[in-house]
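query21.txt (compact mmCIF, C-alpha atoms) appears below.
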```
# COMPACT_ATOMS: atom_id res chain seq x y z
CA MET A 1 97.30 103.73 75.16
CA ALA A 2 94.10 105.74 74.75
CA GLY A 3 93.82 109.34 75.93
CA LEU A 4 91.41 108.40 78.74
CA GLN A 5 93.84 105.77 80.06
CA ILE A 6 96.71 108.27 79.96
CA TYR A 7 94.54 110.79 81.80
CA GLU A 8 93.87 108.28 84.58
CA LYS A 9 97.55 107.35 84.87
CA LEU A 10 98.72 110.97 85.05
CA LEU A 11 96.55 111.58 88.10
CA GLN A 12 98.84 109.25 90.08
CA PHE A 13 101.84 111.58 89.78
CA PRO A 14 102.54 114.78 91.77
CA LEU A 15 103.69 116.60 88.62
CA PHE A 16 100.11 116.62 87.34
CA GLN A 17 98.20 116.99 90.58
CA GLY A 18 96.21 120.20 90.90
CA MET A 19 95.75 120.59 87.15
CA SER A 20 92.19 121.10 85.97
CA ARG A 21 90.35 118.35 84.15
CA ASP A 22 90.41 120.38 80.95
CA ASP A 23 94.19 120.89 81.16
CA LEU A 24 94.78 117.20 81.88
CA GLU A 25 92.67 116.24 78.88
CA ILE A 26 94.78 118.56 76.73
CA VAL A 27 97.97 117.05 78.12
CA ALA A 28 96.72 113.49 77.58
CA GLY A 29 95.58 114.22 74.04
CA HIS A 30 98.35 116.48 72.74
CA THR A 31 101.56 115.39 74.49
CA ARG A 32 104.00 113.01 72.79
CA PHE A 33 104.18 110.29 75.43
CA GLY A 34 106.21 107.17 74.80
CA PHE A 35 105.31 103.74 76.12
CA LEU A 36 107.75 101.15 77.38
CA LYS A 37 107.25 97.65 78.74
CA VAL A 38 110.13 95.78 80.38
CA SER A 39 110.01 92.15 81.44
CA ALA A 40 110.94 91.01 84.93
CA GLY A 41 114.70 90.67 85.40
CA ARG A 42 115.65 93.06 82.60
CA GLN A 43 117.63 96.24 83.18
CA VAL A 44 115.78 99.50 82.54
CA ILE A 45 118.43 102.15 83.22
CA ARG A 46 122.14 101.92 83.94
CA THR A 47 124.22 104.30 86.04
CA GLY A 48 125.87 106.89 83.80
CA GLU A 49 123.24 106.88 81.06
CA ALA A 50 122.11 110.30 79.89
CA CYS A 51 118.81 111.41 81.43
CA THR A 52 116.95 112.64 78.34
CA HIS A 53 113.47 111.45 79.35
CA LEU A 54 111.26 111.20 82.38
CA PHE A 55 110.20 107.61 83.04
CA PHE A 56 106.83 107.36 84.79
CA LEU A 57 106.42 103.89 86.32
CA ILE A 58 102.71 103.15 85.99
CA ASN A 59 102.70 99.42 86.79
CA GLY A 60 105.02 97.02 88.58
CA THR A 61 108.02 97.15 90.90
CA LEU A 62 111.64 98.12 90.30
CA ARG A 63 114.87 96.99 91.92
CA VAL A 64 117.15 99.99 92.44
CA GLU A 65 120.89 99.73 93.07
CA SER A 66 122.92 102.67 94.41
CA PHE A 67 126.70 102.78 94.81
CA GLY A 68 129.28 104.58 96.94
CA ASP A 69 131.71 106.80 95.04
CA GLU A 70 134.49 104.20 95.28
CA ASN A 71 132.12 101.31 94.60
CA ARG A 72 133.10 99.76 97.94
CA TYR A 73 129.51 99.39 99.07
CA SER A 74 126.04 99.47 97.53
CA VAL A 75 122.38 99.56 98.51
CA VAL A 76 119.47 97.70 96.96
CA GLU A 77 115.86 98.74 97.47
CA GLN A 78 112.48 98.48 95.77
CA MET A 79 110.28 101.12 94.18
CA SER A 80 106.69 100.47 93.18
CA SER A 81 104.36 102.44 90.94
CA PRO A 82 103.59 105.28 90.79
CA TYR A 83 107.19 106.47 90.68
CA ILE A 84 109.32 108.76 88.49
CA LEU A 85 112.89 107.63 87.87
CA GLN A 86 115.34 110.32 89.05
CA GLN A 87 113.18 113.25 88.07
CA GLU A 88 115.93 115.69 89.08
CA GLY A 89 118.36 114.25 86.53
CA ILE A 90 116.69 115.83 83.52
CA PHE A 91 118.05 119.28 84.46
CA GLY A 92 121.11 120.61 86.26
CA TYR A 93 124.85 120.00 86.22
CA ASN A 94 124.85 116.19 85.99
CA GLN A 95 122.11 115.08 83.60
CA ARG A 96 122.84 111.39 84.01
CA TYR A 97 121.32 108.58 86.02
CA THR A 98 123.20 107.68 89.19
CA HIS A 99 121.43 104.38 89.95
CA HIS A 100 120.82 101.06 88.24
CA PHE A 101 117.13 100.27 87.70
CA TYR A 102 115.92 96.71 87.03
CA ALA A 103 112.43 95.35 86.51
CA LEU A 104 111.65 93.24 89.57
CA THR A 105 108.27 92.39 88.03
CA ASP A 106 106.95 93.12 84.56
CA VAL A 107 106.81 96.93 84.46
CA ASN A 108 105.19 99.58 82.26
CA PHE A 109 106.29 103.18 81.75
CA LEU A 110 105.00 106.35 80.21
CA THR A 111 108.02 108.31 78.93
CA LEU A 112 108.36 112.01 78.24
CA ASP A 113 111.37 113.59 76.56
CA LYS A 114 113.00 116.77 77.85
CA GLU A 115 111.55 118.97 75.10
CA GLU A 116 108.04 117.93 76.07
CA VAL A 117 108.80 118.56 79.76
CA VAL A 118 109.96 122.09 78.92
CA ARG A 119 106.88 122.67 76.74
CA LEU A 120 104.51 121.50 79.48
CA SER A 121 106.31 123.80 81.93
CA GLU A 122 105.77 126.73 79.58
CA ASP A 123 102.14 125.94 78.79
CA PHE A 124 100.79 124.89 82.20
CA LEU A 125 101.47 126.94 85.33
CA VAL A 126 100.49 124.13 87.74
CA PHE A 127 102.87 121.69 86.05
CA ARG A 128 105.66 124.27 86.30
CA LEU A 129 104.94 124.91 89.98
CA ASN A 130 104.85 121.18 90.73
CA LEU A 131 108.23 120.76 89.06
CA LEU A 132 109.69 123.69 91.00
CA ASN A 133 108.20 122.39 94.26
CA HIS A 134 109.91 119.04 93.71
CA PHE A 135 113.33 120.63 93.24
CA ALA A 136 112.79 123.12 96.09
CA THR A 137 111.74 120.34 98.49
CA GLN A 138 114.83 118.29 97.66
CA THR A 139 117.05 121.34 98.25
CA GLN A 140 115.36 122.16 101.56
CA LYS A 141 115.81 118.59 102.80
CA LEU A 142 119.51 118.67 101.96
CA ILE A 143 119.99 122.03 103.69
CA HIS A 144 118.12 120.78 106.76
CA GLN A 145 120.38 117.72 107.12
CA GLN A 146 123.37 119.77 108.25
CA TRP A 147 121.31 121.35 111.04
CA ARG A 148 119.90 118.16 112.46
CA ARG A 149 120.92 117.02 115.92
CA SER A 150 124.12 115.00 115.73
CA PRO A 151 123.83 111.30 116.62
CA GLN A 152 124.81 110.74 120.24
CA THR A 153 125.61 107.02 120.07
CA LEU A 154 127.18 104.62 117.60
CA ARG A 155 123.79 103.02 117.06
CA GLU A 156 122.30 106.38 116.10
CA ARG A 157 125.21 106.98 113.69
CA ILE A 158 124.62 103.59 112.06
CA VAL A 159 120.90 104.28 111.68
CA ARG A 160 121.59 107.69 110.16
CA PHE A 161 124.06 106.12 107.73
CA PHE A 162 121.34 103.74 106.56
CA PHE A 163 118.78 106.49 106.10
CA GLN A 164 121.19 108.81 104.30
CA HIS A 165 121.93 106.19 101.65
CA VAL A 166 118.44 105.24 100.47
CA LEU A 167 115.98 106.82 98.06
CA TYR A 168 112.91 106.02 100.14
CA PRO A 169 113.06 105.94 103.96
CA ALA A 170 110.95 102.82 104.52
CA GLY A 171 110.54 99.24 103.40
CA PRO A 172 113.09 96.51 102.70
CA LYS A 173 116.74 97.44 102.07
CA THR A 174 119.89 95.45 101.45
CA PHE A 175 123.27 97.02 102.21
CA TYR A 176 126.24 95.29 100.60
CA ILE A 177 129.01 96.52 102.84
CA LEU A 178 131.77 94.96 104.93
CA MET A 179 131.93 95.83 108.62
CA GLU A 180 135.45 97.17 108.07
CA ARG A 181 134.11 99.59 105.47
CA LEU A 182 131.20 100.64 107.68
CA ALA A 183 133.68 101.25 110.48
CA GLU A 184 135.70 103.49 108.16
CA GLU A 185 132.59 105.40 107.11
CA LEU A 186 131.61 106.01 110.74
CA ASN A 187 135.14 106.50 112.10
CA ASP A 188 134.81 103.73 114.67
CA SER A 189 136.24 100.27 115.27
CA ARG A 190 135.08 97.14 113.53
CA LEU A 191 134.53 95.53 116.93
CA ASN A 192 132.18 98.29 118.08
CA ILE A 193 130.30 98.16 114.78
CA SER A 194 129.96 94.39 115.12
CA HIS A 195 128.66 94.59 118.69
CA THR A 196 126.08 97.23 117.81
CA LEU A 197 124.83 95.47 114.69
CA ASN A 198 124.56 92.16 116.52
CA ALA A 199 122.50 93.84 119.23
CA MET A 200 120.18 95.22 116.55
CA GLN A 201 119.95 91.77 115.00
CA ALA A 202 118.99 90.30 118.38
CA GLU A 203 116.12 92.80 118.47
CA GLY A 204 114.90 91.60 115.08
CA LEU A 205 115.68 94.89 113.34
CA LEU A 206 118.07 93.46 110.75
CA GLU A 207 119.89 90.32 109.63
CA LEU A 208 123.65 90.05 109.24
CA HIS A 209 125.34 88.04 106.52
CA ARG A 210 128.89 88.10 105.22
CA GLY A 211 129.23 91.43 103.45
CA ARG A 212 125.49 92.01 103.54
CA ILE A 213 122.96 93.59 105.90
CA GLU A 214 119.28 92.84 105.32
CA ILE A 215 116.72 95.26 106.74
CA ALA A 216 113.10 94.14 106.37
CA GLN A 217 111.55 97.48 107.42
CA LEU A 218 113.91 100.44 107.55
CA GLU A 219 111.37 102.59 109.41
CA ARG A 220 111.52 100.23 112.41
CA LEU A 221 115.07 101.40 113.13
CA LEU A 222 113.69 104.74 114.33
CA LYS A 223 111.53 103.20 117.06
```
Before anything else, please render the file you have as structure tokens.
Amino acid sequence: MAGLQIYEKLLQFPLFQGMSRDDLEIVAGHTRFGFLKVSAGRQVIRTGEACTHLFFLINGTLRVESFGDENRYSVVEQMSSPYILQQEGIFGYNQRYTHHFYALTDVNFLTLDKEEVVRLSEDFLVFRLNLLNHFATQTQKLIHQQWRRSPQTLRERIVRFFFQHVLYPAGPKTFYILMERLAEELNDSRLNISHTLNAMQAEGLLELHRGRIEIAQLERLLK
């Protein structure tokens, strides 16, 4: 990929936003980017793999699978370009991916190894600040969660459960979870969970299947 094409792709990502044209041209021309193409249906990253690179999705759509600690439920959602795969995983205590990523369509990535990320952080103040802002924002969101108003109804608790277990709070989601398990997670009865979910289905907010809950637009649950 030519330097000009890389320059145009980098502008899509928050890590590079705010950098001057001259700095971006230096980055595009002097950074060791890798290039990866994955065909639709193929796995890109598996849970547990070491996070040694940043993967910048520049074209296509991914299918992302996330799992509960005991693997008794999972969530499937979609991520479209531009998107960085688990940016936070390249540093910190657990430098491994915690989701499965599959190519839903043919996808293309720019890749950047950890050494290059560190070098860019040292050489370009804006890049370093963007990286810090990403981590700080994630931390602030997590701290804020414990101070949010507690759900007052079972329906509100169900909605919060959905939102707390996704990477992006909008769009289509599939929860693979039994009602018994959801009842355990929310400390309520299966019957109450069933009644509430069926009421939400009657409103067109979701579809119930055996062991599966389909949500066409997660954001509609907040209305």
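For the pair CA of Leu57 in chain A and CA of Leu36 in chain A, the interatomic distance is 9.4 Å.
Across the structure, CA of Phe35 in chain A and CA of Asn108 in chain A are spaced 7.4 Å apart.
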Quiz item: Ile215 in chain A: which residues within 8 Å, counting only C-alpha atoms, same-chain residues fewer than 5 positions away excluded, as a PyMOL selection string?
Solution: chain A and resi 172-174+205-207
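Nearest to Ser81 in chain A of all the residues A:Leu24, A:Ile143, A:Leu131, A:Leu10 is A:Leu10, counting all atoms listed in the file.
For the atom pair formed by CA of Glu49 in chain A and CA of Tyr97 in chain A, the distance is 5.6 Å, given to one decimal.
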Expected axis-aligned box over every listed atom of range 127-134 of chain A, 4 Å added per side, centre plus edges in Å to one decimal, as AutoDock Vina command-line options:
```
--center_x 106.4 --center_y 122.0 --center_z 90.2 --size_x 15.0 --size_y 13.9 --size_z 16.2
```
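In terms of minimum interatomic distance to Ala103 in chain A, A:Val38 ranks closest within A:Val38, A:Leu142, A:Leu125, A:Ala216, counting only C-alpha atoms.
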Self-check item: Top pick for closest residue to Pro169 in chain A, considering A:Glu156, A:Glu77, A:Glu115, A:Glu214 and counting all atoms listed in the file
Solution: A:Glu77
Fewer than 6 positions away in the same chain doesn't count, so skip those; otherwise give me all residues within 12 Å of Val159 in chain A, counting all atoms listed in the file, as a PDB file with C-alpha atoms, in the frame of the given file.
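Result file is around.pdb:
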```pdb
ATOM      1  CA  SER A 150     124.120 115.000 115.730  1.00  0.00           C
ATOM      2  CA  PRO A 151     123.830 111.300 116.620  1.00  0.00           C
ATOM      3  CA  GLN A 152     124.810 110.740 120.240  1.00  0.00           C
ATOM      4  CA  THR A 153     125.610 107.020 120.070  1.00  0.00           C
ATOM      5  CA  HIS A 165     121.930 106.190 101.650  1.00  0.00           C
ATOM      6  CA  VAL A 166     118.440 105.240 100.470  1.00  0.00           C
ATOM      7  CA  PRO A 169     113.060 105.940 103.960  1.00  0.00           C
ATOM      8  CA  LEU A 182     131.200 100.640 107.680  1.00  0.00           C
ATOM      9  CA  LEU A 186     131.610 106.010 110.740  1.00  0.00           C
ATOM     10  CA  ILE A 193     130.300  98.160 114.780  1.00  0.00           C
ATOM     11  CA  THR A 196     126.080  97.230 117.810  1.00  0.00           C
ATOM     12  CA  LEU A 197     124.830  95.470 114.690  1.00  0.00           C
ATOM     13  CA  MET A 200     120.180  95.220 116.550  1.00  0.00           C
ATOM     14  CA  LEU A 205     115.680  94.890 113.340  1.00  0.00           C
ATOM     15  CA  LEU A 206     118.070  93.460 110.750  1.00  0.00           C
ATOM     16  CA  ILE A 215     116.720  95.260 106.740  1.00  0.00           C
ATOM     17  CA  LEU A 218     113.910 100.440 107.550  1.00  0.00           C
ATOM     18  CA  GLU A 219     111.370 102.590 109.410  1.00  0.00           C
ATOM     19  CA  ARG A 220     111.520 100.230 112.410  1.00  0.00           C
ATOM     20  CA  LEU A 221     115.070 101.400 113.130  1.00  0.00           C
ATOM     21  CA  LEU A 222     113.690 104.740 114.330  1.00  0.00           C
ATOM     22  CA  LYS A 223     111.530 103.200 117.060  1.00  0.00           C
TER      23      LYS A 223
END
```
Practice problem: Name all residues at most 12 Å from His195 in chain A (count all atoms listed in the file; drop same-chain ones fewer than 2 positions away) and give them as JSON, numbers by chain. | Solution: {"A": [154, 155, 158, 179, 183, 188, 189, 190, 191, 192, 193, 197, 198, 199, 200, 201, 202, 208]}
Got time to write the residues from that selection, C-alpha atoms, as a compact mmCIF listing (two decimals), in the frame of the given file?
```txt
# COMPACT_ATOMS: atom_id res chain seq x y z
CA LEU A 154 127.18 104.62 117.60
CA ARG A 155 123.79 103.02 117.06
CA ILE A 158 124.62 103.59 112.06
CA MET A 179 131.93 95.83 108.62
CA ALA A 183 133.68 101.25 110.48
CA ASP A 188 134.81 103.73 114.67
CA SER A 189 136.24 100.27 115.27
CA ARG A 190 135.08 97.14 113.53
CA LEU A 191 134.53 95.53 116.93
CA ASN A 192 132.18 98.29 118.08
CA ILE A 193 130.30 98.16 114.78
CA LEU A 197 124.83 95.47 114.69
CA ASN A 198 124.56 92.16 116.52
CA ALA A 199 122.50 93.84 119.23
CA MET A 200 120.18 95.22 116.55
CA GLN A 201 119.95 91.77 115.00
CA ALA A 202 118.99 90.30 118.38
CA LEU A 208 123.65 90.05 109.24
```
Exercise. Would you kindly return, as a PyMOL selection string, each protein, DNA or RNA residue with an atom no farther than 9 Å from any atom of His53 in chain A, considering all atoms listed in the file and excluding same-chain residues fewer than 2 positions away?
Key: chain A and resi 50-51+55+87+90+111-115+117
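If all atoms listed in the file are the atoms counted, then among A:Asn94, A:Glu185, A:Glu88, A:Arg210 the closest residue to Ala136 in chain A is A:Glu88.
Considering the residues A:Leu167, A:Ile6, A:Leu15, A:Val107 and counting only C-alpha atoms, Gln86 in chain A has its shortest atom-to-atom contact with A:Leu167.
For the residues A:Ala28, A:Met79, A:Met19, A:Ile45, ranking by smallest atom-to-atom distance to Leu110 in chain A using only C-alpha atoms places A:Ala28 first.
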